[in-house]
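Here is the structure we will look at, set down as structure tokens.
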Amino acid sequence: MKKLDILVVGVGGQGVILASDIIGETALSAQYDVKKADTLGMAQRGGSVISHVRIGRQVYSPLIKKGEADILIAFEKLEAARWNDYLQPGGVVIVNNHALPPSSVNVGNEQYLNDQEITSILKQRTDRICFINGTRHARELGNVRTLNIFMLGSASIFMPIEIQAWEDSICRHLSPNICQINIVAFRKGREEMRNAHLG
Amino acid sequence: MIKLLSGNEALAMGAYHAGVKVATAYPGTPSTEILESLARHDDIYAEWSTNEKVAMEVAMGAAFAGIRSLVSLKQVGLNVASDPFMAASTMAVNAGIVIACADDPGIHSSQNEQDDRHYAKLAKVPMLEPSDSQEAYEFMSYAFDISERFDIPTLMLTTTRISHSKSVVQVRQEQTPPAKQADFHYDVEKYVMLPVYAQLRYSLIEERLTKLAAFAETFPFNQVSWGERHLGIITSGVAYQYAREVFPQASFLKLGMTYPLPKNLLLNFAAQVHRLLVIEELDPFLQENIQALGIKVTGKEFIPRTGELNVDIIEKASRSVGLLPEISSQPLKDMSIKLPKRPPQLCPGCPHTGIFFTLSTLGKRSSLTKSQVKTAKESPLVITGDIGCYTLGTYSPFNAMDTCACMGASIGNALGMEKTGIAKKLIAVIGDSTFMHSGITGLVNAVYSEGQITIVILDNRTTAMTGHQDHPGTGISAQGKKTRAIDLEQLVRGIGVSDVRVVDAFNMKQLRNAVRGAVDSTELSVIIVRGTCAMLAPKGSASMVIDAEKCNLCGICLQLGCSAIQRGKKQLYIDSALCAGDRCTICQQICPRQAIHLKSRVESVKLL
């Protein structure tokens with residue numbers, strides 16, 4: 001693998017930063033050079049959250065260049081559309097099929113996009129699009145907060161890293177009482193992605 | 001040992017391994033995690049100081065006593081600390097003192113975008129700029145050594161992208177040096193800056209600067225890496241990382257020490273390349289100082305002076321002057337479909353929601369207000385604001401903040417407006433941590449000047465926006481120990497305010513009465529709105545639900561801007577996963593149809 005640029009996006013509170021931390025540390029444990037950059041500060045109050053993870057032999061810039069990301073992992077549909085321009089032509093988009101309407105939409109000042117509009121935006125960059133029911137699965141597992149690890153599991157099949165390295169890394173990042181349910185979420189995410197139709 | 005560390009974590013680890021024993025800071029994005037990381041070590045003293053000026057003074061005191069100390073702050077924090085910072089650079093420091101300062105190009109979470117590298121020149125102190133976490137870690141021990149060798153504070157300057165990016169760090173397996181025995185040696189010529197002694201310092205300071213410039217020539221992180229000689233690039237910090245990607249073939253002089261500059265190294269590099277370029281973020285700091293050495297160099301003629309740089313921006317700028325070939329590029333995105341914005345907003349169950357709804361409606365700024373006056377422009381109130389999560393009260397649906405300048409400014413700004421004889425009532429809104437930081441002196445001034453303003457102190461018992469740090473009002477130290485809490489109400493009364501009301505942040509009637517009473521009063525008043533930050537409070541036992549049969553979709557609850565209240569296809573509903581429930585109940589209190597009530601969490605999940 002020459003390089004892998006992964007953009008993880010979502011809404012404050014969905015666990016984007018933790019997911020990208022785990023990607024970074026897992027890649028490090030697999031002997032890659034890693035850089036990762038998050039947006040923090042005011043953006044964590046329900047705003048849009050973006051995390052750049054860059055993996056390779058030697059990485060310089062911590063930020064992914066627009067049009068160069070290999071994988072876009074979106075924890076929310078609208079955010080997938082918002083950050084789509086980072087994706088390289090033919091890159092992979094994994095979208096949690098879940099809408100969190102911003103307050104401007106709730107108040108009625110702006111319109112949320114319909115699925116067709118979101119898909120048409122995503123298709124401007126790639127046909128390798130996968131909508132996945134992450135929130136539903138996480139809820140069924142009994143903890144909606146496992147969404148981020150579920151999404152990580154889905155994306156993991158596109159990364160050349162052993163499953164054991166992923167699971168070790170997940171357990172290092174989470175407290176023991178929630179480790180097991182998250183491992184289940186990770187495996188479920190992998191399984192869903194394997195069964196999913198890309199495109 | 002290899003670790004993936006943020007720049008801030010690496011700075012903290014570097015300082016710890018360099019034997020820092022006293023660390024001080026006031027929280028500020030993007031610098032906060034430096035002290036947070038240091039505070040985890042039991043064998044050093046770490047504090048959240050009241051503000052950056054105090055932080056600097058405490059660190060200076062430790063250094064005077066022979067103990068290595070660190071101050072960490074954000075770019076505007078150095079403004080607050082600039083008085084003792086300038087003093088420290090004039091005096092002797094005895095033991096090493098490092099000021100870790102994080103700039104915020106692009107203004108991710110600040111009120112301005114200033115280039116604090118200018119402070120190094122102003123104070124005539126050495127400055128180091130790491131370009132990744134490894135350097136952040138390594139530079140710390142150099143920074144302390146330089147400080148002690150030249151008897152001067154060292155400025156360690158990062159930016160958001162260095163502080164908050166994670167990269168791989170090879171950690172030295174060293175024991176931290178044991179603490180020296182603290183002691184203070186009487187020497188008024190070094191430590192008492194009476195004019196007669198301060199005058200003596202200046203020839204020393206100039207001499208020191210010359211010695212520092214000579215040291216810069218040998219500093220191992222001022223590195224040349226030769227590539228093709230037609231283009232030579234001088235750069236520092238994260239700009240180096242971007243420049244390396246844009247010009248992989250060029251020759252580089254990467255400066256780890258950016259003040260004072262290594263003149264001979266620069267002249268030598270310049271002489272060996274055909275075209276010389278400086279790539280740096282914000283001001284042409286390196287460029288102008290290099291030009292002052294008589295070296296011909298360009299950079300800011302085409303590299304932007306504002307905002308963050310990145311690979312795209314440098315490429316585009318380089319194409320515009322022929323440094324890279326023109327390419328015809330397709331736009332990455334068809335912009336014909338408009339995406340709804342997602343600005344940050346107050347959390348569900350936030351103790352600021354009720355007071356902003358109250359200010360918005362009483363101030364006739366809400367679209368609900370029946371009166372003709374519906375815009376902030378025509379409001380009978382002027383609401384001066386301050387720095388914190390509550391600055392989000394500026395946004396719709398509240399529109400309830402008119403100014404926000406810098407830490408503590410709300411009170412002075414309100415008083416100044418009032419003294420003009422303006423016909424509107426002045427309300428200053430300030431958080432508890434910000435009040436401790438720099439609101440107290442403003443309040444003293446307002447009392448002394450017989451102001452008639454109202455000061456609303458939002459007491460959420462934490463410094464929320466930077467990630468929930470303690471402050472003097474909470475009674476918990478940076479290292480988690482119980483300490484003496486400052487009683488906000490007693491403090492305000494002690495200053496001489498007699499009209500003080502303490503109200504429950506989640507009681508709408510109390511809030512409304514307090515604001516009404518204060519607005520009608522002709523004396524200076526303080527309202528303390530008390531309610532624990534939603535991220536720290538335990539979730540309520542039940543969630544609110546909307547009774548679809550009673551709800552007539554009037555939309556008043558939506559004016560709370562609460563993200564738990566959502567618009568479904570035909571009805572409004574409350575997301576039980578987000579709702580703070582019986583700990584908040586504000587929506588229930590304002591619903592004119594009594595359509596909102598509590599349900600146990602199990603039942604409310606079923607309803608969804």
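Letters A, B, ... mark the chains of the structure tokens in the order given; residue numbers begin at 1 per chain; ligand numbers begin at 1, in order shown.
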**Study point:** Contact set, chain B to chain A: 7 Å, only C-alpha atoms, as JSON, numbers by chain
**Key:** {"B": [4, 29, 108, 109, 161, 164, 165, 166, 167, 168, 241, 242, 244, 245, 311, 312, 332, 333, 340, 342, 343, 344, 345, 346, 347, 465, 466, 558, 561, 563, 566, 567]}
Generate the output file for the selected residues, C-alpha atoms, as a tab-separated table (two decimals), in the first residue's frame.
```
chain	number	residue	atom	x	y	z
B	4	LEU	CA	0.76	8.43	18.26
B	29	THR	CA	-8.23	26.11	22.25
B	108	HIS	CA	-11.14	27.58	14.34
B	109	SER	CA	-12.01	28.64	17.88
B	161	ARG	CA	-2.55	21.94	13.11
B	164	HIS	CA	-4.19	19.10	17.43
B	165	SER	CA	-2.70	16.82	14.79
B	166	LYS	CA	-1.46	13.46	15.89
B	167	SER	CA	1.74	12.02	14.50
B	168	VAL	CA	4.24	9.36	15.45
B	241	GLN	CA	4.77	19.67	5.76
B	242	TYR	CA	2.53	21.22	3.13
B	244	ARG	CA	7.21	19.24	1.07
B	245	GLU	CA	4.19	17.75	-0.64
B	311	VAL	CA	-1.47	21.78	0.07
B	312	ASP	CA	-4.29	23.02	-2.19
B	332	LEU	CA	-14.71	18.96	-7.39
B	333	LYS	CA	-18.30	19.63	-6.62
B	340	PRO	CA	-28.16	23.21	5.04
B	342	ARG	CA	-24.62	22.85	10.58
B	343	PRO	CA	-23.20	25.48	12.90
B	344	PRO	CA	-22.29	24.50	16.46
B	345	GLN	CA	-25.21	24.89	18.84
B	346	LEU	CA	-26.02	24.61	22.52
B	347	CYS	CA	-26.39	21.00	23.71
B	465	MET	CA	-16.12	25.24	25.71
B	466	THR	CA	-12.51	24.16	26.07
B	558	LEU	CA	-38.34	24.93	18.32
B	561	GLY	CA	-32.85	25.65	19.39
B	563	SER	CA	-31.43	19.61	18.95
B	566	GLN	CA	-37.13	17.56	15.87
B	567	ARG	CA	-39.58	18.01	13.08
```
Point to revise | Selected residue, from B:Ile546, B:Val54, B:Ala136, B:Ala414, that lies nearest to B:Asn8 when counting only C-alpha atoms | key: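 Closest candidate: B:Ala136.
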Practice item. Find the spatial neighbours of B:Ser89, counting only C-alpha atoms, within a cut-off of 8 Å - ignore same-chain residues fewer than 2 positions away - and output them as a VMD selection string. Key: chain B and resid 85 to 87 91 to 92 123 to 125 152 to 153
For the strand (DSSP E or B) assignment from backbone DSSP, which residues of stretch 415-517 of chain B qualify? Please present them as a compact mmCIF listing (two decimals) with N, CA, C and O atoms, in the first residue's frame.
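The file below, part_3.txt, is the result:
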```txt
# COMPACT_ATOMS: atom_id res chain seq x y z
N LYS B 425 -31.45 49.56 27.56
CA LYS B 425 -30.93 48.92 28.76
C LYS B 425 -29.75 48.01 28.39
O LYS B 425 -29.84 47.26 27.42
N LEU B 426 -28.70 48.10 29.19
CA LEU B 426 -27.50 47.33 28.90
C LEU B 426 -27.43 46.06 29.75
O LEU B 426 -27.55 46.13 30.98
N ILE B 427 -27.26 44.92 29.08
CA ILE B 427 -27.09 43.65 29.80
C ILE B 427 -25.79 43.00 29.34
O ILE B 427 -25.57 42.82 28.13
N ALA B 428 -24.92 42.71 30.29
CA ALA B 428 -23.67 42.01 29.97
C ALA B 428 -23.85 40.54 30.33
O ALA B 428 -24.30 40.22 31.42
N VAL B 429 -23.50 39.65 29.40
CA VAL B 429 -23.61 38.20 29.66
C VAL B 429 -22.21 37.59 29.68
O VAL B 429 -21.45 37.73 28.71
N ILE B 430 -21.88 36.93 30.77
CA ILE B 430 -20.52 36.40 30.93
C ILE B 430 -20.59 35.06 31.69
O ILE B 430 -21.41 34.89 32.59
N GLY B 431 -19.72 34.14 31.33
CA GLY B 431 -19.70 32.83 32.01
C GLY B 431 -18.94 32.89 33.32
O GLY B 431 -18.20 33.84 33.58
N THR B 454 -26.85 45.61 33.93
CA THR B 454 -27.12 44.30 34.54
C THR B 454 -26.07 43.32 34.03
O THR B 454 -25.81 43.28 32.83
N ILE B 455 -25.49 42.58 34.95
CA ILE B 455 -24.51 41.57 34.56
C ILE B 455 -25.12 40.20 34.83
O ILE B 455 -25.50 39.90 35.96
N VAL B 456 -25.23 39.40 33.78
CA VAL B 456 -25.75 38.04 33.94
C VAL B 456 -24.55 37.10 33.94
O VAL B 456 -23.81 37.02 32.95
N ILE B 457 -24.32 36.43 35.06
CA ILE B 457 -23.21 35.46 35.12
C ILE B 457 -23.79 34.06 34.95
O ILE B 457 -24.62 33.62 35.74
N LEU B 458 -23.38 33.41 33.88
CA LEU B 458 -23.88 32.07 33.58
C LEU B 458 -22.99 31.06 34.30
O LEU B 458 -21.90 30.75 33.84
N ASP B 459 -23.47 30.58 35.43
CA ASP B 459 -22.64 29.76 36.31
C ASP B 459 -22.92 28.28 36.05
O ASP B 459 -23.74 27.66 36.73
N THR B 463 -15.43 25.33 32.92
CA THR B 463 -15.00 26.04 31.72
C THR B 463 -15.38 25.11 30.58
O THR B 463 -14.64 24.19 30.24
N GLN B 469 -12.82 22.31 32.04
CA GLN B 469 -11.78 22.43 33.04
C GLN B 469 -12.35 23.13 34.27
O GLN B 469 -13.28 23.93 34.18
N ILE B 476 -12.26 22.56 42.68
CA ILE B 476 -11.48 21.37 42.33
C ILE B 476 -10.24 21.85 41.56
O ILE B 476 -10.35 22.72 40.69
N LYS B 482 -9.58 18.38 45.89
CA LYS B 482 -10.55 19.33 46.45
C LYS B 482 -9.77 20.52 47.01
O LYS B 482 -8.77 20.35 47.70
N ASP B 499 -27.88 44.42 44.58
CA ASP B 499 -28.97 43.74 43.86
C ASP B 499 -28.41 42.48 43.19
O ASP B 499 -28.01 42.50 42.02
N VAL B 500 -28.36 41.40 43.95
CA VAL B 500 -27.84 40.13 43.42
C VAL B 500 -28.95 39.08 43.47
O VAL B 500 -29.54 38.86 44.52
N ARG B 501 -29.27 38.49 42.35
CA ARG B 501 -30.29 37.42 42.31
C ARG B 501 -29.64 36.14 41.82
O ARG B 501 -28.95 36.16 40.79
N VAL B 502 -29.85 35.07 42.55
CA VAL B 502 -29.35 33.77 42.10
C VAL B 502 -30.55 32.96 41.63
O VAL B 502 -31.49 32.74 42.39
N VAL B 503 -30.56 32.57 40.37
CA VAL B 503 -31.73 31.86 39.84
C VAL B 503 -31.34 30.51 39.25
O VAL B 503 -30.20 30.30 38.82
N ASP B 504 -32.30 29.62 39.19
CA ASP B 504 -32.13 28.28 38.64
C ASP B 504 -32.21 28.36 37.11
O ASP B 504 -33.21 28.84 36.56
```
Exercise for review: Considering only C-alpha atoms, return as a PyMOL selection string whatever protein or nucleic-acid residues lie within 8 Å of B:Thr90, sequence-local ones (same chain, fewer than 5 positions apart) excluded.
Suggested key: chain B and resi 123+198+201-202+205
Practice item. Using only C-alpha atoms, determine which residues lie at most 6 Å from stretch 187-194 of chain A, disregarding the query and same-chain residues fewer than 3 positions distant; provide the list as a list in words. Key: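 So, after excluding close chain neighbours, the residues are Phe150, Met151, Gly153, Ser154 and Val184 of chain A.
Take atom CA of B:Val192 and atom CA of B:Met127: the distance between them is 25.1 Å.
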Check your understanding: In Å, with one decimal, what is the gap from atom CA of B:Gln175 to atom CA of B:Tyr142?
Key ->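 The value is 16.7 Å.
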Check your understanding: Nearest to A:Asn114 among B:Gln173, B:Leu339, B:Val297, B:Pro351, with distances taken over only C-alpha atoms: which residue is it?
Key ->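 Among B:Gln173, B:Leu339, B:Val297, B:Pro351, it is B:Leu339 that comes nearest to A:Asn114.
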Exercise for review: Write out as a list in words each polymer residue whose atoms come within 8 Å of B:Ser438, counting only C-alpha atoms; drop sequence neighbours fewer than 6 positions from it.
Suggested key: Asn51, Met407 and Gly408 of chain B
Point to revise | Minimum-distance residue to A:Asn182, chosen among A:Ile149, A:Phe158, A:His137, A:Gly90 (using only C-alpha atoms) | key: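 Of A:Ile149, A:Phe158, A:His137, A:Gly90, the one nearest A:Asn182, counting only C-alpha atoms, is A:Ile149.
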Practice item. State, in Å with one decimal place, the distance from atom CA of B:Asp103 to atom CA of B:Leu73. Key: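 Those two atoms sit 9.1 Å apart.
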Review point. What's the 7 Å shell around B:Gly473, counting only C-alpha atoms, without same-chain residues fewer than 2 positions away, as a ChimeraX atom specification?
Key: /B:461,471,475,485-488
Expected file: the selected residues, all heavy atoms, as a PDB file, in the first residue's frame:
```
ATOM      1  N   ARG B 461     -20.666  25.997  36.348  1.00  0.00           N
ATOM      2  CA  ARG B 461     -19.742  25.260  37.206  1.00  0.00           C
ATOM      3  C   ARG B 461     -18.574  24.611  36.466  1.00  0.00           C
ATOM      4  O   ARG B 461     -18.031  23.602  36.899  1.00  0.00           O
ATOM      5  CB  ARG B 461     -20.483  24.153  38.006  1.00  0.00           C
ATOM      6  CG  ARG B 461     -21.833  24.507  38.552  1.00  0.00           C
ATOM      7  CD  ARG B 461     -21.779  25.624  39.532  1.00  0.00           C
ATOM      8  NE  ARG B 461     -20.985  25.324  40.712  1.00  0.00           N
ATOM      9  CZ  ARG B 461     -20.456  26.247  41.499  1.00  0.00           C
ATOM     10  NH1 ARG B 461     -20.627  27.526  41.236  1.00  0.00           N
ATOM     11  NH2 ARG B 461     -19.760  25.907  42.546  1.00  0.00           N
ATOM     12  N   HIS B 471     -12.218  25.657  37.619  1.00  0.00           N
ATOM     13  CA  HIS B 471     -11.784  27.052  37.795  1.00  0.00           C
ATOM     14  C   HIS B 471     -12.023  27.411  39.255  1.00  0.00           C
ATOM     15  O   HIS B 471     -12.567  26.597  40.021  1.00  0.00           O
ATOM     16  CB  HIS B 471     -12.506  27.966  36.815  1.00  0.00           C
ATOM     17  CG  HIS B 471     -13.999  28.035  36.993  1.00  0.00           C
ATOM     18  ND1 HIS B 471     -14.589  28.650  38.074  1.00  0.00           N
ATOM     19  CD2 HIS B 471     -15.003  27.568  36.240  1.00  0.00           C
ATOM     20  CE1 HIS B 471     -15.897  28.551  37.955  1.00  0.00           C
ATOM     21  NE2 HIS B 471     -16.177  27.887  36.854  1.00  0.00           N
ATOM     22  N   GLY B 475     -13.913  24.739  43.033  1.00  0.00           N
ATOM     23  CA  GLY B 475     -13.314  24.134  44.218  1.00  0.00           C
ATOM     24  C   GLY B 475     -12.576  22.836  43.955  1.00  0.00           C
ATOM     25  O   GLY B 475     -12.312  22.069  44.874  1.00  0.00           O
ATOM     26  N   ALA B 485     -13.175  26.712  47.209  1.00  0.00           N
ATOM     27  CA  ALA B 485     -13.965  27.304  46.129  1.00  0.00           C
ATOM     28  C   ALA B 485     -14.238  28.766  46.443  1.00  0.00           C
ATOM     29  O   ALA B 485     -14.483  29.118  47.588  1.00  0.00           O
ATOM     30  CB  ALA B 485     -15.278  26.545  45.971  1.00  0.00           C
ATOM     31  N   ILE B 486     -14.195  29.590  45.421  1.00  0.00           N
ATOM     32  CA  ILE B 486     -14.581  30.991  45.586  1.00  0.00           C
ATOM     33  C   ILE B 486     -16.100  31.067  45.424  1.00  0.00           C
ATOM     34  O   ILE B 486     -16.636  30.594  44.426  1.00  0.00           O
ATOM     35  CB  ILE B 486     -13.911  31.874  44.513  1.00  0.00           C
ATOM     36  CG1 ILE B 486     -12.401  31.629  44.443  1.00  0.00           C
ATOM     37  CG2 ILE B 486     -14.257  33.350  44.732  1.00  0.00           C
ATOM     38  CD1 ILE B 486     -11.616  31.993  45.657  1.00  0.00           C
ATOM     39  N   ASP B 487     -16.782  31.631  46.378  1.00  0.00           N
ATOM     40  CA  ASP B 487     -18.243  31.757  46.323  1.00  0.00           C
ATOM     41  C   ASP B 487     -18.601  32.979  45.473  1.00  0.00           C
ATOM     42  O   ASP B 487     -18.338  34.115  45.853  1.00  0.00           O
ATOM     43  CB  ASP B 487     -18.785  31.911  47.747  1.00  0.00           C
ATOM     44  CG  ASP B 487     -20.306  31.906  47.778  1.00  0.00           C
ATOM     45  OD1 ASP B 487     -20.921  32.645  46.962  1.00  0.00           O
ATOM     46  OD2 ASP B 487     -20.887  31.193  48.609  1.00  0.00           O
ATOM     47  N   LEU B 488     -19.196  32.686  44.321  1.00  0.00           N
ATOM     48  CA  LEU B 488     -19.485  33.740  43.340  1.00  0.00           C
ATOM     49  C   LEU B 488     -20.382  34.831  43.922  1.00  0.00           C
ATOM     50  O   LEU B 488     -20.139  36.035  43.742  1.00  0.00           O
ATOM     51  CB  LEU B 488     -20.154  33.075  42.128  1.00  0.00           C
ATOM     52  CG  LEU B 488     -20.061  33.745  40.776  1.00  0.00           C
ATOM     53  CD1 LEU B 488     -18.638  34.147  40.440  1.00  0.00           C
ATOM     54  CD2 LEU B 488     -20.587  32.786  39.708  1.00  0.00           C
TER      55      LEU B 488
END
```
Practice item. Enumerate the residues of stretch 378-576 of chain B with a DSSP assignment of helix (DSSP H, G or I), computed from the backbone, and present them as a ChimeraX atom specification. Key: /B:378,389-394,409-418,432-448,488-495,508-520,557-560
Check your understanding: Given the choices A:Asp115, A:Glu76, A:Glu140, A:Asp127, which gets closest to A:Val16 if the distance is worked out from only C-alpha atoms?
Key ->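 Once distances to A:Val16 are computed over only C-alpha atoms, the minimum belongs to A:Glu76.
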Review point. So which one's closest to B:Lys53, B:His230, B:His437, B:Arg149, B:Arg68? Using only C-alpha atoms, please.
Key: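 Result for the nearest residue to B:Lys53: B:His437.
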Practice item. Rank B:Gly322, B:Gly540, B:Gly496, B:Gly232 by their smallest atom-to-atom distance to B:Val278, using only C-alpha atoms, and report the top residue only. Key: B:Gly232
